[in-house]
Amino acid sequence: MKRFPQFALIAFMFVLAVHALLASGAHAKDIYFDSHWTLWQNADILIWTPDKEPSIDPKEFCLSLRRNNTGIGEPKCRLFGEWERDTVASRYATWLSNNMEPGLDAHYLKARHPAMMAKFQTLEDKIVLYVADKGNNLQVAIFDETSSEPKAAGTVTKKADKIALGDEIASALFDRHTKRRLTKEERLKMETEPDELYKESPTFRSWVGISAGYAQAQIPFTPDSWYRSHIKSRVGNYRATRDSVSLWNFMDDSTPLFTLYAGGIWFGFIGGEIFYRYSNHEVKIDERDSVYEELDHWDFTQHEIGLNVMFSRSYSPIKWMDLHLFAFLGFQYSFYSEDIELKSSKKKPSKEYETRFKTEDPYKGALLGFGFQSVFLQHYGLSVRTGISSRGKDIYTEPSPDAAAEPTTIGASTVDWFISVGLEYHWTPFK
């Protein structure tokens, strides 16, 4: 039992030592930022410093790279004397030394002198390692030909042992996958290729899809007072309503919506789409009206066919996904099929049932909206779109002696908002 305090003290001291070792290792390097820069196999590493004496040995640093990254091949390391003897480069190196600090974005460290920017552009696939002595620490940064600002930057603890110091820098900045260095022909080809984000679109891109969505009379962000009469209206006596002009005074204005469609885009800009839409609308009967005691159900199925003209713009944010933003303008024809049935106990319908309101097929309308298509692996698409659609009848007809005193045209002006999400299959028949 007497040995237990000694054992506990030894264990406690061991834990403290391990913690101190881990803490010292954690603070041995401090990387401010590290973007997705390319580490080439068999790279040329140019060591650039504003100091009179370099803090690392080029030969030992190359050995450190090979020890810490087995995929780097046989790198070549040397002092970048050309820049150290250049006035513009020396002044920028000194400015970096005075301004590099934690929390600073890479953009603020960008070289803005045209001559210095030109020097970065002529590096081809060489990697510049910037090293500056700051007393107890070394400032380190990576530059390449893709930008005139650092691709990575930070500090490492300064050590007298240059081998250990080279290992520290190699593990801090060069612990990443390597890529084969480009030939001059490959580099020239990449320079002349368009940006991946704005790559050339195929001559024609086509798709088929199926979507589910929702439609309602009230358009978002518009006053409720515009729709109150439609939404709250009820049909009495099988045909009486506040306003016969809008279909939504007779039928439920909010309903699920299903669509089948197919389309195509020419040169990634303009195209067309045909579609069929299906929805079901219950008649908004006035439950207080005793005439409906004979009624089991009454609704209308809405069938719509139409054509959209589409204007699109394509992007490739990542390699395996294409993003197509689009706007559309089109027209449609709407047809309604009635589904009405009396209760089984009712043998003969009422007179009001026989004189109920009827739809006036076909209705014509327009569509306007926008959306996007996300296409994965060039074939599998997810589409979201929203817009406004209308349907109606021409009420300006020749007068008839038998015409009623009140307007009797059903659905002369009907507008609704819709949103839908679709699954699509895309293909390119020719390029």
# chains A, B, ... in the order shown; residues from 1 in each chain; ligands from 1
$ residues_around --residues "A:Leu367" --least-positions-apart "4" --cutoff "6 Å" --atoms "only C-alpha atoms" --output "PyMOL selection string"
chain A and resi 329-331+388-389
$ closest_atom_pairs --of "stretch 118-149 of chain A" --to "stretch 29-36 of chain A" --cutoff "10 Å" --atoms "only C-alpha atoms" --output "CSV"
residue,atom,partner,partner_atom,distance
A:Asn137,CA,A:Lys29,CA,8.9
A:Leu138,CA,A:Lys29,CA,9.4
A:Gln139,CA,A:Asp30,CA,9.6
A:Val140,CA,A:Ile31,CA,8.9
A:Ala141,CA,A:Asp34,CA,9.3
A:Ile142,CA,A:Asp34,CA,8.9
$ write_last_selection --atoms "N, CA and C atoms" --output "PDB file, in the first residue's frame"
ATOM      1  N   ASN A 137      10.870  31.464 -35.018  1.00  0.00           N
ATOM      2  CA  ASN A 137      10.068  30.767 -36.023  1.00  0.00           C
ATOM      3  C   ASN A 137      10.577  31.082 -37.423  1.00  0.00           C
ATOM      4  N   LEU A 138      10.139  30.262 -38.375  1.00  0.00           N
ATOM      5  CA  LEU A 138      10.376  30.515 -39.789  1.00  0.00           C
ATOM      6  C   LEU A 138       9.028  30.702 -40.477  1.00  0.00           C
ATOM      7  N   GLN A 139       8.901  31.757 -41.252  1.00  0.00           N
ATOM      8  CA  GLN A 139       7.737  31.910 -42.109  1.00  0.00           C
ATOM      9  C   GLN A 139       7.951  31.080 -43.365  1.00  0.00           C
ATOM     10  N   VAL A 140       6.928  30.336 -43.768  1.00  0.00           N
ATOM     11  CA  VAL A 140       7.018  29.516 -44.976  1.00  0.00           C
ATOM     12  C   VAL A 140       5.771  29.759 -45.818  1.00  0.00           C
ATOM     13  N   ALA A 141       5.954  29.703 -47.129  1.00  0.00           N
ATOM     14  CA  ALA A 141       4.831  29.877 -48.048  1.00  0.00           C
ATOM     15  C   ALA A 141       5.138  29.166 -49.356  1.00  0.00           C
ATOM     16  N   ILE A 142       4.086  28.799 -50.078  1.00  0.00           N
ATOM     17  CA  ILE A 142       4.196  28.112 -51.357  1.00  0.00           C
ATOM     18  C   ILE A 142       3.621  29.013 -52.452  1.00  0.00           C
TER      19      ILE A 142
END
$ residues_around --residues "stretch 59-61 of chain A" --least-positions-apart "4" --cutoff "7 Å" --atoms "only C-alpha atoms" --output "JSON, numbers by chain"
{"A": [65, 77, 163, 166]}
$ select_by_dssp --residues "stretch 41-248 of chain A" --states "alpha helix (DSSP H)" --output "PyMOL selection string"
chain A and resi 58-68+81-84+87-99+114-121+162-173+184-192+228-232
$ write_last_selection --atoms "C-alpha atoms" --output "PDB file, in the first residue's frame"
ATOM      1  CA  PRO A  58      18.561  22.553 -50.322  1.00  0.00           C
ATOM      2  CA  LYS A  59      20.133  19.067 -50.499  1.00  0.00           C
ATOM      3  CA  GLU A  60      18.927  18.074 -47.038  1.00  0.00           C
ATOM      4  CA  PHE A  61      15.482  19.486 -47.802  1.00  0.00           C
ATOM      5  CA  CYS A  62      15.182  17.289 -50.899  1.00  0.00           C
ATOM      6  CA  LEU A  63      16.015  14.271 -48.752  1.00  0.00           C
ATOM      7  CA  SER A  64      13.349  15.392 -46.251  1.00  0.00           C
ATOM      8  CA  LEU A  65      10.793  15.550 -49.057  1.00  0.00           C
ATOM      9  CA  ARG A  66      11.598  12.003 -50.130  1.00  0.00           C
ATOM     10  CA  ARG A  67      11.398  10.732 -46.535  1.00  0.00           C
ATOM     11  CA  ASN A  68       8.038  12.390 -45.875  1.00  0.00           C
ATOM     12  CA  GLY A  81      19.167  33.133 -56.742  1.00  0.00           C
ATOM     13  CA  GLU A  82      17.518  34.799 -59.749  1.00  0.00           C
ATOM     14  CA  TRP A  83      14.780  36.245 -57.560  1.00  0.00           C
ATOM     15  CA  GLU A  84      17.096  36.968 -54.625  1.00  0.00           C
ATOM     16  CA  THR A  87      15.100  44.173 -56.892  1.00  0.00           C
ATOM     17  CA  VAL A  88      11.341  43.754 -57.421  1.00  0.00           C
ATOM     18  CA  ALA A  89      11.329  40.192 -56.043  1.00  0.00           C
ATOM     19  CA  SER A  90      13.527  41.166 -53.064  1.00  0.00           C
ATOM     20  CA  ARG A  91      11.225  44.026 -52.110  1.00  0.00           C
ATOM     21  CA  TYR A  92       8.168  41.783 -52.322  1.00  0.00           C
ATOM     22  CA  ALA A  93       9.936  39.096 -50.202  1.00  0.00           C
ATOM     23  CA  THR A  94      10.711  41.699 -47.514  1.00  0.00           C
ATOM     24  CA  TRP A  95       7.114  42.960 -47.637  1.00  0.00           C
ATOM     25  CA  LEU A  96       5.862  39.376 -47.163  1.00  0.00           C
ATOM     26  CA  SER A  97       8.111  38.937 -44.148  1.00  0.00           C
ATOM     27  CA  ASN A  98       6.684  42.057 -42.529  1.00  0.00           C
ATOM     28  CA  ASN A  99       3.025  41.357 -43.291  1.00  0.00           C
ATOM     29  CA  PRO A 114       3.113  43.902 -62.817  1.00  0.00           C
ATOM     30  CA  ALA A 115       6.726  42.755 -63.016  1.00  0.00           C
ATOM     31  CA  MET A 116       6.296  40.498 -59.979  1.00  0.00           C
ATOM     32  CA  MET A 117       3.051  39.087 -61.314  1.00  0.00           C
ATOM     33  CA  ALA A 118       4.799  38.291 -64.591  1.00  0.00           C
ATOM     34  CA  LYS A 119       7.522  36.387 -62.702  1.00  0.00           C
ATOM     35  CA  PHE A 120       4.926  34.061 -61.180  1.00  0.00           C
ATOM     36  CA  GLN A 121       3.329  33.440 -64.565  1.00  0.00           C
ATOM     37  CA  LYS A 162      18.625  21.576 -40.487  1.00  0.00           C
ATOM     38  CA  ILE A 163      17.663  17.962 -41.127  1.00  0.00           C
ATOM     39  CA  ALA A 164      14.924  18.138 -38.480  1.00  0.00           C
ATOM     40  CA  LEU A 165      13.898  21.565 -39.762  1.00  0.00           C
ATOM     41  CA  GLY A 166      13.599  20.255 -43.337  1.00  0.00           C
ATOM     42  CA  ASP A 167      11.473  17.347 -42.102  1.00  0.00           C
ATOM     43  CA  GLU A 168       9.209  19.817 -40.265  1.00  0.00           C
ATOM     44  CA  ILE A 169       8.611  21.945 -43.376  1.00  0.00           C
ATOM     45  CA  ALA A 170       8.132  18.878 -45.576  1.00  0.00           C
ATOM     46  CA  SER A 171       5.476  17.412 -43.257  1.00  0.00           C
ATOM     47  CA  ALA A 172       3.747  20.796 -42.864  1.00  0.00           C
ATOM     48  CA  LEU A 173       3.379  21.756 -46.533  1.00  0.00           C
ATOM     49  CA  LYS A 184       5.350  21.349 -72.737  1.00  0.00           C
ATOM     50  CA  GLU A 185       2.731  20.171 -75.225  1.00  0.00           C
ATOM     51  CA  GLU A 186       0.281  19.256 -72.452  1.00  0.00           C
ATOM     52  CA  ARG A 187       0.878  22.575 -70.690  1.00  0.00           C
ATOM     53  CA  LEU A 188       0.266  24.509 -73.899  1.00  0.00           C
ATOM     54  CA  LYS A 189      -2.950  22.549 -74.490  1.00  0.00           C
ATOM     55  CA  MET A 190      -4.214  23.353 -70.980  1.00  0.00           C
ATOM     56  CA  GLU A 191      -3.449  27.037 -71.456  1.00  0.00           C
ATOM     57  CA  THR A 192      -5.512  27.161 -74.651  1.00  0.00           C
ATOM     58  CA  ARG A 228     -59.784  35.767 -50.807  1.00  0.00           C
ATOM     59  CA  SER A 229     -62.916  35.578 -52.979  1.00  0.00           C
ATOM     60  CA  HIS A 230     -61.559  32.561 -54.886  1.00  0.00           C
ATOM     61  CA  ILE A 231     -60.310  30.630 -51.872  1.00  0.00           C
ATOM     62  CA  LYS A 232     -63.392  31.172 -49.691  1.00  0.00           C
TER      63      LYS A 232
END
$ select_by_dssp --residues "stretch 16-257 of chain A" --states "strand (DSSP E)" --output "ChimeraX atom specification"
/A:29-34,39-40,44-48,76-79,127-134,137-143,152-157,178-179,204-216,255-257
$ closest_residue --among "A:Glu338, A:Glu145, A:Glu101, A:Glu282" --to "A:Phe357" --atoms "only C-alpha atoms"
A:Glu338
$ atom_distance --atom1 "atom CA of A:Thr38" --atom2 "atom CA of A:Glu124"
12.0 Å
$ atom_distance --atom1 "atom CA of A:Val156" --atom2 "atom CA of A:Asp144"
20.5 Å
$ closest_residue --among "A:Gly264, A:Gly369, A:Pro429, A:Pro256" --to "A:Asn280" --atoms "only C-alpha atoms"
A:Pro256
$ closest_residue --among "A:Ser244, A:Thr255, A:Ser290, A:Thr178" --to "A:Ser413" --atoms "only C-alpha atoms"
A:Ser244
$ closest_atom_pairs --of "stretch 151-241 of chain A" --to "stretch 383-386 of chain A" --cutoff "10 Å" --atoms "only C-alpha atoms" --output "JSON lines"
{"residue": "A:Gly209", "atom": "CA", "partner": "A:Ser383", "partner_atom": "CA", "distance": 8.7}
{"residue": "A:Ile210", "atom": "CA", "partner": "A:Ser383", "partner_atom": "CA", "distance": 9.5}
{"residue": "A:Ser211", "atom": "CA", "partner": "A:Ser383", "partner_atom": "CA", "distance": 8.3}
{"residue": "A:Ala212", "atom": "CA", "partner": "A:Val384", "partner_atom": "CA", "distance": 10.0}
{"residue": "A:Gly213", "atom": "CA", "partner": "A:Thr386", "partner_atom": "CA", "distance": 9.3}
{"residue": "A:Tyr214", "atom": "CA", "partner": "A:Thr386", "partner_atom": "CA", "distance": 9.7}
{"residue": "A:Ala215", "atom": "CA", "partner": "A:Thr386", "partner_atom": "CA", "distance": 9.7}
$ write_last_selection --atoms "N, CA, C and O atoms" --output "compact mmCIF listing (two decimals), in the first residue's frame"
# COMPACT_ATOMS: atom_id res chain seq x y z
N GLY A 209 -38.31 13.40 -68.41
CA GLY A 209 -38.42 13.47 -66.97
C GLY A 209 -39.83 13.30 -66.48
O GLY A 209 -40.80 13.35 -67.24
N ILE A 210 -39.94 13.08 -65.17
CA ILE A 210 -41.22 13.00 -64.48
C ILE A 210 -41.08 13.80 -63.19
O ILE A 210 -40.04 13.74 -62.53
N SER A 211 -42.10 14.58 -62.87
CA SER A 211 -41.99 15.44 -61.70
C SER A 211 -43.28 15.43 -60.89
O SER A 211 -44.36 15.11 -61.41
N ALA A 212 -43.14 15.77 -59.63
CA ALA A 212 -44.27 15.95 -58.73
C ALA A 212 -44.15 17.33 -58.11
O ALA A 212 -43.04 17.81 -57.84
N GLY A 213 -45.28 17.96 -57.90
CA GLY A 213 -45.23 19.31 -57.35
C GLY A 213 -46.54 19.71 -56.73
O GLY A 213 -47.37 18.87 -56.34
N TYR A 214 -46.74 21.01 -56.67
CA TYR A 214 -47.90 21.57 -55.99
C TYR A 214 -48.28 22.86 -56.70
O TYR A 214 -47.41 23.63 -57.14
N ALA A 215 -49.59 23.09 -56.82
CA ALA A 215 -50.08 24.30 -57.45
C ALA A 215 -51.15 24.93 -56.57
O ALA A 215 -51.91 24.23 -55.89
$ residues_around --residues "A:Tyr292" --least-positions-apart "4" --cutoff "12 Å" --atoms "only C-alpha atoms" --output "list in words"
Val235, Gly236, Asn237, Tyr238, Arg239, Val283, Lys284, Ile285, Asp286, Glu287, Arg288, Asp296, His297, Trp298, Ile340, Glu341, Leu342, Lys343, Lys346, Pro349, Ser350, Lys351, Glu352, Tyr353 and Arg356 of chain A
$ write_last_selection --atoms "N, CA and C atoms" --output "short mmCIF file (atom, residue, chain, number, x, y, z; two decimals), in the first residue's frame"
data_model
loop_
_atom_site.label_atom_id
_atom_site.label_comp_id
_atom_site.auth_asym_id
_atom_site.auth_seq_id
_atom_site.Cartn_x
_atom_site.Cartn_y
_atom_site.Cartn_z
N VAL A 235 -69.77 26.75 -54.01
CA VAL A 235 -70.77 26.60 -55.06
C VAL A 235 -72.09 26.15 -54.43
N GLY A 236 -73.14 26.93 -54.65
CA GLY A 236 -74.47 26.58 -54.16
C GLY A 236 -75.37 26.18 -55.32
N ASN A 237 -76.29 25.26 -55.02
CA ASN A 237 -77.30 24.88 -55.99
C ASN A 237 -76.68 24.33 -57.30
N TYR A 238 -75.49 23.75 -57.20
CA TYR A 238 -74.76 23.12 -58.30
C TYR A 238 -74.18 24.10 -59.34
N ARG A 239 -74.47 25.42 -59.21
CA ARG A 239 -73.94 26.32 -60.23
C ARG A 239 -73.78 27.77 -59.75
N VAL A 283 -64.74 19.99 -56.41
CA VAL A 283 -65.63 21.15 -56.48
C VAL A 283 -65.89 21.64 -55.06
N LYS A 284 -65.86 22.95 -54.89
CA LYS A 284 -66.03 23.54 -53.55
C LYS A 284 -67.51 23.78 -53.27
N ILE A 285 -68.22 22.71 -52.95
CA ILE A 285 -69.66 22.82 -52.72
C ILE A 285 -69.94 23.44 -51.36
N ASP A 286 -71.07 24.06 -51.25
CA ASP A 286 -71.52 24.65 -49.99
C ASP A 286 -72.24 23.56 -49.19
N GLU A 287 -71.59 23.06 -48.17
CA GLU A 287 -72.12 21.95 -47.40
C GLU A 287 -73.46 22.28 -46.75
N ARG A 288 -73.74 23.56 -46.57
CA ARG A 288 -75.00 23.95 -45.93
C ARG A 288 -76.20 23.83 -46.86
N ASP A 296 -72.62 12.08 -53.73
CA ASP A 296 -71.55 11.29 -53.12
C ASP A 296 -70.21 12.00 -53.28
N HIS A 297 -69.84 12.38 -54.50
CA HIS A 297 -68.62 13.13 -54.75
C HIS A 297 -68.74 13.87 -56.08
N TRP A 298 -67.90 14.90 -56.21
CA TRP A 298 -67.92 15.72 -57.43
C TRP A 298 -66.56 16.38 -57.57
N ILE A 340 -68.53 12.73 -61.22
CA ILE A 340 -69.61 13.05 -60.29
C ILE A 340 -70.47 11.81 -60.10
N GLU A 341 -70.94 11.60 -58.89
CA GLU A 341 -71.74 10.42 -58.61
C GLU A 341 -72.68 10.72 -57.45
N LEU A 342 -73.90 10.23 -57.56
CA LEU A 342 -74.89 10.36 -56.50
C LEU A 342 -74.74 9.22 -55.50
N LYS A 343 -75.32 9.41 -54.33
CA LYS A 343 -75.33 8.34 -53.34
C LYS A 343 -76.16 7.17 -53.85
N LYS A 346 -79.93 7.25 -53.72
CA LYS A 346 -80.65 8.23 -54.54
C LYS A 346 -80.88 7.64 -55.92
N PRO A 349 -81.81 11.91 -59.88
CA PRO A 349 -81.17 13.17 -59.49
C PRO A 349 -82.17 14.32 -59.48
N SER A 350 -81.79 15.36 -58.79
CA SER A 350 -82.61 16.56 -58.71
C SER A 350 -82.49 17.37 -60.00
N LYS A 351 -83.38 18.33 -60.15
CA LYS A 351 -83.34 19.22 -61.32
C LYS A 351 -82.06 20.04 -61.31
N GLU A 352 -81.60 20.45 -60.14
CA GLU A 352 -80.36 21.23 -60.03
C GLU A 352 -79.15 20.41 -60.49
N TYR A 353 -79.19 19.11 -60.20
CA TYR A 353 -78.10 18.23 -60.65
C TYR A 353 -78.01 18.23 -62.17
N ARG A 356 -76.33 21.54 -63.59
CA ARG A 356 -75.09 21.97 -62.94
C ARG A 356 -74.15 22.65 -63.94
#
$ residues_around --residues "A:Gln41" --least-positions-apart "2" --cutoff "7 Å" --atoms "only C-alpha atoms" --output "list in words"
Leu39, Ala43, Gly71, Ile72, Gly73, Thr178, Lys179, Arg180 and Arg181 of chain A
$ write_last_selection --atoms "N, CA and C atoms" --output "short mmCIF file (atom, residue, chain, number, x, y, z; two decimals), in the first residue's frame"
data_model
loop_
_atom_site.label_atom_id
_atom_site.label_comp_id
_atom_site.auth_asym_id
_atom_site.auth_seq_id
_atom_site.Cartn_x
_atom_site.Cartn_y
_atom_site.Cartn_z
N LEU A 39 1.09 19.47 -56.26
CA LEU A 39 2.46 19.03 -55.98
C LEU A 39 2.86 18.03 -57.06
N ALA A 43 9.46 17.16 -58.72
CA ALA A 43 9.26 18.61 -58.81
C ALA A 43 10.58 19.38 -58.72
N GLY A 71 5.69 9.41 -52.75
CA GLY A 71 5.22 9.57 -54.12
C GLY A 71 5.83 10.74 -54.85
N ILE A 72 6.72 11.47 -54.23
CA ILE A 72 7.25 12.68 -54.86
C ILE A 72 8.35 12.38 -55.87
N GLY A 73 8.85 11.16 -55.86
CA GLY A 73 9.89 10.80 -56.83
C GLY A 73 11.25 11.35 -56.44
N THR A 178 0.67 13.55 -55.13
CA THR A 178 1.44 14.17 -56.21
C THR A 178 0.82 13.82 -57.56
N LYS A 179 1.11 14.64 -58.55
CA LYS A 179 0.65 14.41 -59.91
C LYS A 179 1.83 14.42 -60.87
N ARG A 180 1.69 13.70 -61.96
CA ARG A 180 2.74 13.67 -62.97
C ARG A 180 2.91 15.06 -63.58
N ARG A 181 4.16 15.47 -63.75
CA ARG A 181 4.43 16.77 -64.35
C ARG A 181 4.03 16.77 -65.82
#
$ atom_distance --atom1 "atom CA of A:Val208" --atom2 "atom CA of A:Gly422"
9.9 Å
$ residues_around --residues "A:Lys319" --least-positions-apart "2" --cutoff "9 Å" --atoms "only C-alpha atoms" --output "mmCIF file with C-alpha atoms, in the first residue's frame"
data_model
loop_
_atom_site.group_PDB
_atom_site.id
_atom_site.type_symbol
_atom_site.label_atom_id
_atom_site.label_comp_id
_atom_site.auth_asym_id
_atom_site.auth_seq_id
_atom_site.Cartn_x
_atom_site.Cartn_y
_atom_site.Cartn_z
ATOM 1 C CA GLU A 196 -13.942 24.240 -67.129
ATOM 2 C CA SER A 316 -19.675 22.696 -64.340
ATOM 3 C CA PRO A 317 -18.984 23.467 -60.661
ATOM 4 C CA MET A 321 -21.914 17.416 -62.094
ATOM 5 C CA ASP A 322 -23.283 19.903 -64.642
ATOM 6 C CA LEU A 377 -22.407 11.734 -64.425
#
